[in-house]
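J.: Just dropping this structure here.
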Amino acid sequence: MTEASLISSYDALLADLDGVVYAGPNAIPGAVESLERLADIEVALAYITNNASRSAEQVAAHLRELGAPATAAQVFGSAFAGAELLATLVPAGSTVLVTGSQTLVDQVKAQGLVPVTSAEPTPDAVIQGFDPNLGWKDLAETAYAVAGGAVW
C-alpha cells in the first residue's frame, strides 16, 4: 500500500504541532512536504496544539513562514478548547481569573465570560494556560482563587 493510498482512505489529518510539524522556529524534516501533498489527494488538514500562548492566526502565520499550508481556521488550540469548556461550567458573565496569555484572555471574552486579574474578590472560575511570562506569583494567585471556591 502506498503512502498516498493509505492517507486517502481518511477524510482528514489532524496534525499536532510542536515536535511533529515544527520544533521551535524550524520545521521537522519532511513535514512541510508531506502536508503540502494532502491537497493533491483531497484530505482535509487541521492543526492542533496544547500551547495556549499564541492565537490561531499567529500559529498559522508561523506555519506559512515554514512553507506549510495554513489558515487560522485550520488551527485548534487549547486556549479555545479550554475557554469553550469553561463556558459550559459557569454561566455567561461569570468572572474568570485568567492565568495565561492574552490569547487565553481573548478566548475567555469570546465565550461571554469576564476576565479578572485577581483572586480578590474570589472569581467564579479560573483558567490556566501556558505563557512564558508566568511566574510563581501568578500561580499563587490562581491557587488562592481555587482554594476560595473558584471552578478550575
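Ordering of the C-alpha cells sets the chain letters (A, B, ...); residue numbers start at 1 within each chain; ligands are numbered from 1 in the order shown.
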Determine which residues of chain A DSSP labels as strand (DSSP E) from the backbone of this structure, then write them out as an MDAnalysis selection string.

T.: chainID A and resid 12:16 22:23 26:27 44:49 75:77 95:99 114:116 125:128

J.: Return as an MDAnalysis selection string the full set of residues in chain A whose backbone-based DSSP assignment is helix (DSSP H, G or I).

T.: chainID A and resid 3:7 31:41 56:65 72:74 78:89 102:110 136:147

J.: Mind writing the picked residues with C-alpha atoms as a compact mmCIF listing (two decimals), in the first residue's frame?

T.:
```txt
# COMPACT_ATOMS: atom_id res chain seq x y z
CA GLU A 3 1.58 6.40 1.32
CA ALA A 4 -0.99 8.25 -0.85
CA SER A 5 -3.44 5.35 -0.90
CA LEU A 6 -3.17 4.90 2.87
CA ILE A 7 -3.85 8.56 3.72
CA ALA A 31 6.80 17.62 7.50
CA VAL A 32 6.02 20.56 5.20
CA GLU A 33 6.34 18.47 2.07
CA SER A 34 4.02 15.81 3.50
CA LEU A 35 1.42 18.42 4.46
CA GLU A 36 1.55 20.01 1.00
CA ARG A 37 0.79 16.64 -0.63
CA LEU A 38 -2.53 16.37 1.21
CA ALA A 39 -4.14 18.90 -1.16
CA ASP A 40 -3.39 16.63 -4.13
CA ILE A 41 -5.26 13.71 -2.57
CA ALA A 56 -4.70 30.71 15.78
CA GLU A 57 -3.57 33.44 13.36
CA GLN A 58 -0.11 33.62 14.97
CA VAL A 59 0.27 29.84 14.72
CA ALA A 60 -0.94 29.83 11.09
CA ALA A 61 1.48 32.65 10.23
CA HIS A 62 4.37 30.65 11.71
CA LEU A 63 3.32 27.59 9.70
CA ARG A 64 3.16 29.65 6.49
CA GLU A 65 6.65 31.06 7.23
CA ALA A 72 -6.25 30.43 11.20
CA ALA A 73 -9.45 28.45 10.63
CA GLN A 74 -7.35 25.26 10.47
CA SER A 78 -6.03 24.64 24.00
CA ALA A 79 -6.91 28.30 24.69
CA PHE A 80 -10.04 27.95 22.55
CA ALA A 81 -10.87 24.48 23.87
CA GLY A 82 -10.35 25.46 27.50
CA ALA A 83 -12.46 28.62 27.26
CA GLU A 84 -15.21 26.77 25.42
CA LEU A 85 -15.26 24.04 28.08
CA LEU A 86 -15.23 26.59 30.89
CA ALA A 87 -18.27 28.31 29.36
CA THR A 88 -20.19 25.05 29.86
CA LEU A 89 -19.32 25.04 33.57
CA GLN A 102 -3.55 37.49 26.06
CA THR A 103 -4.76 34.82 23.65
CA LEU A 104 -6.35 32.98 26.57
CA VAL A 105 -7.91 36.25 27.81
CA ASP A 106 -9.35 36.86 24.34
CA GLN A 107 -10.83 33.36 24.17
CA VAL A 108 -12.44 33.77 27.60
CA LYS A 109 -14.01 37.07 26.46
CA ALA A 110 -15.23 35.43 23.25
CA TRP A 136 5.15 31.97 40.88
CA LYS A 137 3.05 34.98 41.94
CA ASP A 138 0.60 34.26 39.09
CA LEU A 139 0.33 30.63 40.10
CA ALA A 140 -0.12 31.58 43.76
CA GLU A 141 -2.99 33.91 42.79
CA THR A 142 -4.57 31.01 40.93
CA ALA A 143 -4.16 28.71 43.93
CA TYR A 144 -5.83 31.29 46.22
CA ALA A 145 -8.81 31.59 43.86
CA VAL A 146 -9.24 27.82 43.58
CA ALA A 147 -8.90 27.43 47.37
```

J.: Write out as a tab-separated table a residue-level contact list of segment 76-113 of chain A versus segment 127-130 of chain A with cut-off 7 Å: for each qualifying residue the closest pair of atoms and the distance in Å to one decimal, counting only C-alpha atoms, rows sorted by chain and residue number upward.

T.:
```
residue	atom	partner	partner_atom	distance
A:Ala79	CA	A:Gly129	CA	6.9
A:Val96	CA	A:Ile127	CA	6.9
A:Leu97	CA	A:Ile127	CA	6.4
A:Val98	CA	A:Ile127	CA	5.2
A:Thr99	CA	A:Gln128	CA	4.6
A:Gly100	CA	A:Gly129	CA	4.8
```

J.: From the list A:Val90, A:Leu14, A:Ile48, A:Ala68, which residue is nearest Asn26 of chain A when using only C-alpha atoms?

T.: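 With only C-alpha atoms as the atom set, the closest residue is A:Ala68.
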
J.: Give the answer as one residue: which of A:Gly24, A:Pro132, A:Pro91, A:Gly19 has the shortest atom-to-atom distance to Ala52 of chain A, using only C-alpha atoms?

T.: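 For Ala52 of chain A, the nearest of the candidates is A:Pro132.
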
J.: Quote the spacing between atom CA of Ala46 of chain A and atom CA of Pro25 of chain A in Å to one decimal place.

T.: 19.4 Å

J.: Nearest to Gly149 of chain A among A:Pro69, A:Pro121, A:Gly30, A:Gly135, with distances taken over only C-alpha atoms: which residue is it?

T.: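 With only C-alpha atoms as the atom set, the closest residue is A:Pro121.
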
J.: Using atom CA of Val20 of chain A and atom CA of Ser55 of chain A as the two end points, give the distance in Å to one decimal.

T.: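 Separation between atom CA of Val20 of chain A and atom CA of Ser55 of chain A: 18.8 Å.
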
J.: Ala92 of chain A: which residues within 9 Å, counting only C-alpha atoms, same-chain residues fewer than 3 positions away excluded, as a CSV table (one decimal) with C-alpha atoms, in the first residue's frame?

T.:
```csv
chain,number,residue,atom,x,y,z
A,87,ALA,CA,-18.3,28.3,29.4
A,95,THR,CA,-15.7,36.3,36.4
A,111,GLN,CA,-17.2,32.9,25.4
A,112,GLY,CA,-19.1,35.8,27.1
A,113,LEU,CA,-17.1,35.5,30.3
A,114,VAL,CA,-15.4,38.4,32.2
```
